[in-house]
>>> print(open('input17.cif').read())   # mmCIF, C-alpha atoms
data_coords
#
loop_
_atom_site.group_PDB
_atom_site.id
_atom_site.type_symbol
_atom_site.label_atom_id
_atom_site.label_comp_id
_atom_site.auth_asym_id
_atom_site.auth_seq_id
_atom_site.Cartn_x
_atom_site.Cartn_y
_atom_site.Cartn_z
ATOM 1 C CA THR B 64 -8.445 5.005 11.476
ATOM 2 C CA VAL B 65 -6.446 4.365 8.328
ATOM 3 C CA GLY B 66 -3.542 1.938 8.604
ATOM 4 C CA ILE B 67 -0.914 2.259 5.910
ATOM 5 C CA MET B 68 1.405 -0.639 5.186
ATOM 6 C CA GLY B 69 4.571 1.007 3.903
ATOM 7 C CA GLN B 70 6.097 4.163 5.302
ATOM 8 C CA GLY B 71 8.106 5.197 2.258
ATOM 9 C CA ASN B 72 7.424 8.272 0.115
ATOM 10 C CA LEU B 73 3.942 7.171 -0.956
ATOM 11 C CA GLY B 74 2.913 6.007 2.498
ATOM 12 C CA LEU B 75 4.083 9.162 4.239
ATOM 13 C CA ALA B 76 2.497 11.462 1.639
ATOM 14 C CA SER B 77 -0.770 9.529 1.861
ATOM 15 C CA ALA B 78 -0.751 9.665 5.657
ATOM 16 C CA ALA B 79 -0.161 13.435 5.637
ATOM 17 C CA ALA B 80 -3.034 13.972 3.179
ATOM 18 C CA LEU B 81 -5.339 11.746 5.234
ATOM 19 C CA ARG B 82 -4.475 13.545 8.482
ATOM 20 C CA ALA B 83 -5.205 16.877 6.765
ATOM 21 C CA MET B 84 -8.698 15.502 6.034
ATOM 22 C CA GLY B 85 -9.210 14.519 9.674
ATOM 23 C CA PHE B 86 -8.358 10.822 9.564
ATOM 24 C CA SER B 87 -6.351 9.160 12.290
ATOM 25 C CA THR B 88 -3.384 7.329 10.751
ATOM 26 C CA ARG B 89 -1.111 4.509 11.753
ATOM 27 C CA GLY B 90 1.714 2.978 9.796
ATOM 28 C CA TRP B 91 3.446 -0.374 9.538
ATOM 29 C CA SER B 92 6.809 -1.084 7.980
ATOM 30 C CA ARG B 93 9.564 -3.678 8.038
ATOM 31 C CA THR B 94 11.706 -1.494 10.290
ATOM 32 C CA GLU B 95 10.773 0.923 13.055
ATOM 33 C CA LYS B 96 10.013 4.496 11.989
ATOM 34 C CA THR B 97 9.118 7.622 13.923
ATOM 35 C CA VAL B 98 6.619 9.784 12.085
ATOM 36 C CA GLU B 99 5.080 12.855 13.672
ATOM 37 C CA GLY B 100 1.311 12.532 13.994
ATOM 38 C CA MET B 101 1.240 8.842 13.130
ATOM 39 C CA GLU B 102 1.309 5.805 15.362
ATOM 40 C CA SER B 103 3.945 3.459 13.946
ATOM 41 C CA PHE B 104 4.396 -0.301 14.137
ATOM 42 C CA ALA B 105 7.182 -2.464 12.786
ATOM 43 C CA GLY B 106 8.042 -6.018 11.896
ATOM 44 C CA PRO B 107 6.074 -9.192 12.468
ATOM 45 C CA GLU B 108 5.791 -8.440 16.189
ATOM 46 C CA GLY B 109 3.920 -5.178 15.496
ATOM 47 C CA MET B 110 1.569 -6.488 12.829
ATOM 48 C CA GLY B 111 -1.252 -7.740 15.100
ATOM 49 C CA ASP B 112 -1.572 -4.507 17.077
ATOM 50 C CA PHE B 113 -1.355 -2.487 13.857
ATOM 51 C CA LEU B 114 -4.135 -4.449 12.141
ATOM 52 C CA GLY B 115 -6.356 -4.683 15.216
ATOM 53 C CA GLY B 116 -6.765 -0.902 15.370
ATOM 54 C CA THR B 117 -7.165 -0.315 11.631
ATOM 55 C CA ASP B 118 -10.543 0.435 10.052
ATOM 56 C CA ILE B 119 -9.212 0.946 6.520
ATOM 57 C CA LEU B 120 -6.058 -0.910 5.507
ATOM 58 C CA VAL B 121 -4.018 0.632 2.687
ATOM 59 C CA ASP B 122 -1.219 -1.362 1.035
ATOM 60 C CA LEU B 123 1.658 0.779 -0.257
ATOM 61 C CA LEU B 124 4.493 -1.678 0.373
ATOM 62 C CA PRO B 125 7.338 -2.192 -2.102
ATOM 63 C CA ALA B 126 7.546 -5.344 -4.194
ATOM 64 C CA THR B 127 9.979 -7.770 -2.559
ATOM 65 C CA LYS B 128 10.111 -11.514 -1.961
ATOM 66 C CA ALA B 129 9.004 -10.849 1.633
ATOM 67 C CA THR B 130 5.882 -8.927 0.563
ATOM 68 C CA GLU B 131 4.695 -11.408 -2.076
ATOM 69 C CA ASN B 132 1.324 -12.860 -0.960
ATOM 70 C CA LEU B 133 1.755 -11.115 2.411
ATOM 71 C CA ILE B 134 -1.858 -9.954 2.555
ATOM 72 C CA ASP B 135 -3.650 -13.244 2.966
ATOM 73 C CA ALA B 136 -6.479 -14.633 5.086
ATOM 74 C CA GLY B 137 -4.272 -14.491 8.198
ATOM 75 C CA ILE B 138 -3.679 -10.750 7.763
ATOM 76 C CA LEU B 139 -7.206 -9.874 6.636
ATOM 77 C CA ARG B 140 -8.801 -11.754 9.565
ATOM 78 C CA GLN B 141 -6.783 -9.659 12.055
ATOM 79 C CA LEU B 142 -8.603 -6.523 10.879
ATOM 80 C CA PRO B 143 -11.727 -5.595 12.844
ATOM 81 C CA LYS B 144 -15.005 -6.938 11.414
ATOM 82 C CA GLY B 145 -16.315 -4.402 8.897
ATOM 83 C CA ALA B 146 -12.894 -3.018 7.973
ATOM 84 C CA ALA B 147 -12.083 -2.126 4.366
ATOM 85 C CA PHE B 148 -9.006 -2.712 2.210
ATOM 86 C CA ILE B 149 -7.305 -0.554 -0.433
ATOM 87 C CA ASN B 150 -4.488 -1.906 -2.575
ATOM 88 C CA ALA B 151 -2.530 0.740 -4.439
ATOM 89 C CA GLY B 152 0.847 -0.911 -3.823
ATOM 90 C CA ARG B 153 1.589 -4.060 -5.756
ATOM 91 C CA GLY B 154 -0.823 -6.731 -6.948
ATOM 92 C CA LYS B 155 1.540 -9.530 -5.932
ATOM 93 C CA HIS B 156 1.008 -8.606 -2.248
ATOM 94 C CA LEU B 157 -2.604 -9.773 -2.127
ATOM 95 C CA VAL B 158 -3.988 -13.299 -2.189
ATOM 96 C CA GLU B 159 -7.098 -12.331 -4.133
ATOM 97 C CA GLU B 160 -9.071 -15.483 -3.239
ATOM 98 C CA ASP B 161 -8.601 -14.717 0.464
ATOM 99 C CA LEU B 162 -9.899 -11.186 -0.056
ATOM 100 C CA VAL B 163 -12.992 -12.464 -1.874
ATOM 101 C CA ALA B 164 -13.658 -14.934 0.962
ATOM 102 C CA ALA B 165 -13.349 -12.174 3.605
ATOM 103 C CA LEU B 166 -15.754 -9.984 1.621
ATOM 104 C CA ASP B 167 -18.228 -12.800 0.980
ATOM 105 C CA ASP B 168 -18.485 -13.821 4.631
ATOM 106 C CA GLY B 169 -18.869 -10.207 5.764
ATOM 107 C CA HIS B 170 -15.604 -9.874 7.644
ATOM 108 C CA LEU B 171 -14.568 -7.043 5.324
ATOM 109 C CA SER B 172 -17.021 -4.395 4.155
ATOM 110 C CA GLY B 173 -15.339 -3.505 0.893
ATOM 111 C CA ALA B 174 -12.185 -3.150 -1.162
ATOM 112 C CA VAL B 175 -10.728 -0.754 -3.694
ATOM 113 C CA LEU B 176 -8.131 -2.413 -5.907
ATOM 114 C CA ASP B 177 -5.806 -0.566 -8.265
ATOM 115 C CA VAL B 178 -3.298 -3.405 -8.766
ATOM 116 C CA PHE B 179 -3.699 -7.144 -9.283
ATOM 117 C CA GLN B 180 -1.834 -10.446 -9.291
ATOM 118 C CA THR B 181 -2.299 -10.541 -13.074
ATOM 119 C CA GLU B 182 -2.483 -7.305 -15.059
ATOM 120 C CA PRO B 183 -4.524 -6.488 -16.882
ATOM 121 C CA LEU B 184 -7.117 -8.087 -14.636
ATOM 122 C CA PRO B 185 -8.484 -11.112 -16.536
ATOM 123 C CA THR B 186 -12.065 -10.742 -17.763
ATOM 124 C CA GLU B 187 -13.096 -13.885 -15.851
ATOM 125 C CA SER B 188 -11.890 -12.514 -12.491
ATOM 126 C CA PRO B 189 -14.657 -12.413 -9.852
ATOM 127 C CA LEU B 190 -13.306 -9.028 -8.749
ATOM 128 C CA TRP B 191 -14.891 -7.282 -11.748
ATOM 129 C CA ASP B 192 -18.448 -8.031 -10.650
ATOM 130 C CA HIS B 193 -18.074 -8.332 -6.895
ATOM 131 C CA PRO B 194 -20.573 -5.955 -5.235
ATOM 132 C CA LYS B 195 -18.070 -4.987 -2.518
ATOM 133 C CA VAL B 196 -15.098 -4.334 -4.844
ATOM 134 C CA THR B 197 -14.229 -1.200 -6.780
ATOM 135 C CA VAL B 198 -11.674 -1.809 -9.531
ATOM 136 C CA THR B 199 -9.540 1.087 -10.759
ATOM 137 C CA PRO B 200 -7.186 0.998 -13.777
ATOM 138 C CA HIS B 201 -3.746 1.104 -12.054
ATOM 139 C CA ILE B 202 -3.757 4.887 -11.773
ATOM 140 C CA ALA B 203 -3.430 5.464 -8.023
ATOM 141 C CA SER B 204 -0.223 7.406 -8.506
ATOM 142 C CA THR B 205 -0.024 9.288 -11.751
ATOM 143 C CA PRO B 206 2.317 12.270 -11.491
ATOM 144 C CA THR B 207 1.984 15.009 -14.076
ATOM 145 C CA LYS B 208 4.761 15.762 -16.573
ATOM 146 C CA ARG B 209 5.460 18.892 -14.549
ATOM 147 C CA ASP B 210 5.811 16.881 -11.315
ATOM 148 C CA LYS B 211 8.159 14.451 -13.056
ATOM 149 C CA ALA B 212 10.286 17.291 -14.444
ATOM 150 C CA PHE B 213 10.595 18.937 -11.007
ATOM 151 C CA TYR B 214 11.565 15.610 -9.462
ATOM 152 C CA VAL B 215 14.321 15.010 -12.025
ATOM 153 C CA ALA B 216 15.576 18.601 -11.750
ATOM 154 C CA ASP B 217 15.763 18.320 -7.956
ATOM 155 C CA ALA B 218 17.653 15.014 -8.231
ATOM 156 C CA ILE B 219 20.158 16.574 -10.641
ATOM 157 C CA ARG B 220 20.660 19.542 -8.291
ATOM 158 C CA SER B 221 21.224 17.153 -5.380
ATOM 159 C CA PHE B 222 23.716 15.098 -7.401
ATOM 160 C CA GLU B 223 25.649 18.172 -8.541
ATOM 161 C CA ALA B 224 25.759 19.515 -4.971
ATOM 162 C CA GLY B 225 27.064 16.176 -3.673
ATOM 163 C CA ASP B 226 23.934 15.604 -1.584
ATOM 164 C CA SER B 227 22.206 12.261 -1.128
ATOM 165 C CA LEU B 228 19.865 11.195 -3.898
ATOM 166 C CA PRO B 229 16.215 10.248 -3.392
ATOM 167 C CA ASN B 230 14.977 6.702 -3.888
ATOM 168 C CA VAL B 231 18.320 4.965 -4.323
ATOM 169 C CA PHE B 232 17.764 1.242 -4.923
ATOM 170 C CA ASP B 233 19.242 -1.054 -2.262
ATOM 171 C CA PRO B 234 19.709 -4.559 -3.724
ATOM 172 C CA ALA B 235 19.914 -6.077 -0.229
ATOM 173 C CA GLN B 236 16.414 -4.795 0.631
ATOM 174 C CA GLY B 237 14.931 -5.291 -2.820
ATOM 175 C CA TYR B 238 13.717 -1.695 -3.121
#
>>> encode(input="input17.cif", output="structure tokens")
Amino acid sequence: TVGIMGQGNLGLASAAALRAMGFSTRGWSRTEKTVEGMESFAGPEGMGDFLGGTDILVDLLPATKATENLIDAGILRQLPKGAAFINAGRGKHLVEEDLVAALDDGHLSGAVLDVFQTEPLPTESPLWDHPKVTVTPHIASTPTKRDKAFYVADAIRSFEAGDSLPNVFDPAQGY
């Protein structure tokens, strides 16, 4: 079961792709969402149940004050023993020392990290050589030029038609 923190565009697209490959998915977000084919949890009150049934935790949350250092020892220890962690969201979400501790004591089985507290990842970081960590070069989401062009063209068509625009920034939410 893959648990995705963040049910925005990236989270929903990832969940759909994972379900197509046969994975069970669950999602967690700040506010309640209803997503077909995915068990959803929301807010602090839903976090424990969400984590407790997650074998692979994927972070795709937006960068806000509320998400900074959110994934710490308290969150990681609520995952079942042997769970894994993937961070393709924002590096500022993860307390890296807490992840290393959870890997070293065997609570977590592994991690794939695409983003870091400090980028580029400093050469002295223990994450580079950790046997249970795979480091990738911040490329989890790399749309092609063609994808980007279609996205912009669709946004222009929506604007000209008077329709709502995708991904409008809300200063109150921070994303």
>>> closest_residue(input="input17.cif", among="B:Ser103, B:Gln141, B:Asn150, B:Thr181", to="Ala165 in chain B", atoms="all atoms listed in the file")
B:Gln141
>>> closest_atom_pairs(input="input17.cif", of="range 92-157 of chain B", to="range 186-203 of chain B", cutoff="12 Å", atoms="all atoms listed in the file", output="Markdown table")
| residue | atom | partner | partner_atom | distance |
| --- | --- | --- | --- | --- |
| B:Val121 | CA | B:Ala203 | CA | 11.8 |
| B:Asp122 | CA | B:Ala203 | CA | 11.6 |
| B:Leu123 | CA | B:Ala203 | CA | 10.4 |
| B:Gly145 | CA | B:Lys195 | CA | 11.6 |
| B:Ala146 | CA | B:Lys195 | CA | 11.9 |
| B:Ala147 | CA | B:Lys195 | CA | 9.6 |
| B:Phe148 | CA | B:Val196 | CA | 9.5 |
| B:Ile149 | CA | B:Thr197 | CA | 9.4 |
| B:Asn150 | CA | B:Ala203 | CA | 9.2 |
| B:Ala151 | CA | B:Ala203 | CA | 6.0 |
| B:Gly152 | CA | B:Ala203 | CA | 8.8 |
| B:Arg153 | CA | B:His201 | CA | 9.7 |
| B:Gly154 | CA | B:His201 | CA | 9.8 |
>>> closest_residue(input="input17.cif", among="B:Ala126, B:Ala136, B:Leu120, B:Ala224", to="Gly66 in chain B", atoms="all atoms listed in the file")
B:Leu120
>>> residues_around(input="input17.cif", residues="Asp217 in chain B", least_positions_apart="6", cutoff="10 Å", atoms="only C-alpha atoms", output="ChimeraX atom specification")
/B:211,223,228-229
>>> closest_residue(input="input17.cif", among="B:Leu114, B:Ile134, B:Leu142, B:Val231", to="His156 in chain B", atoms="only C-alpha atoms")
B:Ile134
>>> atom_distance(input="input17.cif", atom1="CA of Trp91 in chain B", atom2="CA of Leu166 in chain B")
22.9 Å
>>> resolve_selection(input="input17.cif", expression="the PyMOL selection byres ((chain B and resi 237) around 12)", output="number ranges by chain")
B: 124-131, 231-236, 238
>>> atom_distance(input="input17.cif", atom1="CA of Asp112 in chain B", atom2="CA of Arg93 in chain B")
14.4 Å
>>> resolve_selection(input="input17.cif", expression="the PyMOL selection byres ((chain B and resi 107) around 10)", output="VMD selection string")
chain B and resid 91 to 94 104 to 106 108 to 111
>>> atom_distance(input="input17.cif", atom1="CA of Ile119 in chain B", atom2="CA of Ala80 in chain B")
14.8 Å
>>> residues_around(input="input17.cif", residues="Glu99 in chain B", least_positions_apart="5", cutoff="12 Å", atoms="all atoms listed in the file", output="PyMOL selection string")
chain B and resi 75+78-79+82+88-90
>>> residues_around(input="input17.cif", residues="range 158-163 of chain B", least_positions_apart="4", cutoff="6 Å", atoms="only C-alpha atoms", output="list of chain:residue names")
B:Asn132, B:Asp135, B:Ala136, B:Asp167
>>> closest_residue(input="input17.cif", among="B:Lys208, B:Lys155, B:Arg140, B:Lys96", to="Gln70 in chain B", atoms="all atoms listed in the file")
B:Lys96
>>> closest_residue(input="input17.cif", among="B:Gly71, B:Gly225, B:Gly115, B:Gly85", to="Val98 in chain B", atoms="all atoms listed in the file")
B:Gly71
>>> axis_aligned_box(input="input17.cif", around="range 180-190 of chain B", padding_each_side="5 Å", output="lines of an AutoDock Vina configuration file")
center_x = -8.2
center_y = -10.2
center_z = -13.3
size_x = 22.8
size_y = 17.4
size_z = 19.0
>>> closest_residue(input="input17.cif", among="B:Pro206, B:Ala216, B:Gly74, B:Asp118", to="His170 in chain B", atoms="only C-alpha atoms")
B:Asp118
>>> residues_around(input="input17.cif", residues="Ser227 in chain B", least_positions_apart="5", cutoff="12 Å", atoms="all atoms listed in the file", output="PDB file with C-alpha atoms, in the coordinates of the input")
ATOM      1  CA  ASP B 217      15.763  18.320  -7.956  1.00  0.00           C
ATOM      2  CA  ALA B 218      17.653  15.014  -8.231  1.00  0.00           C
ATOM      3  CA  ILE B 219      20.158  16.574 -10.641  1.00  0.00           C
ATOM      4  CA  ARG B 220      20.660  19.542  -8.291  1.00  0.00           C
ATOM      5  CA  SER B 221      21.224  17.153  -5.380  1.00  0.00           C
ATOM      6  CA  PHE B 222      23.716  15.098  -7.401  1.00  0.00           C
TER       7      PHE B 222
END
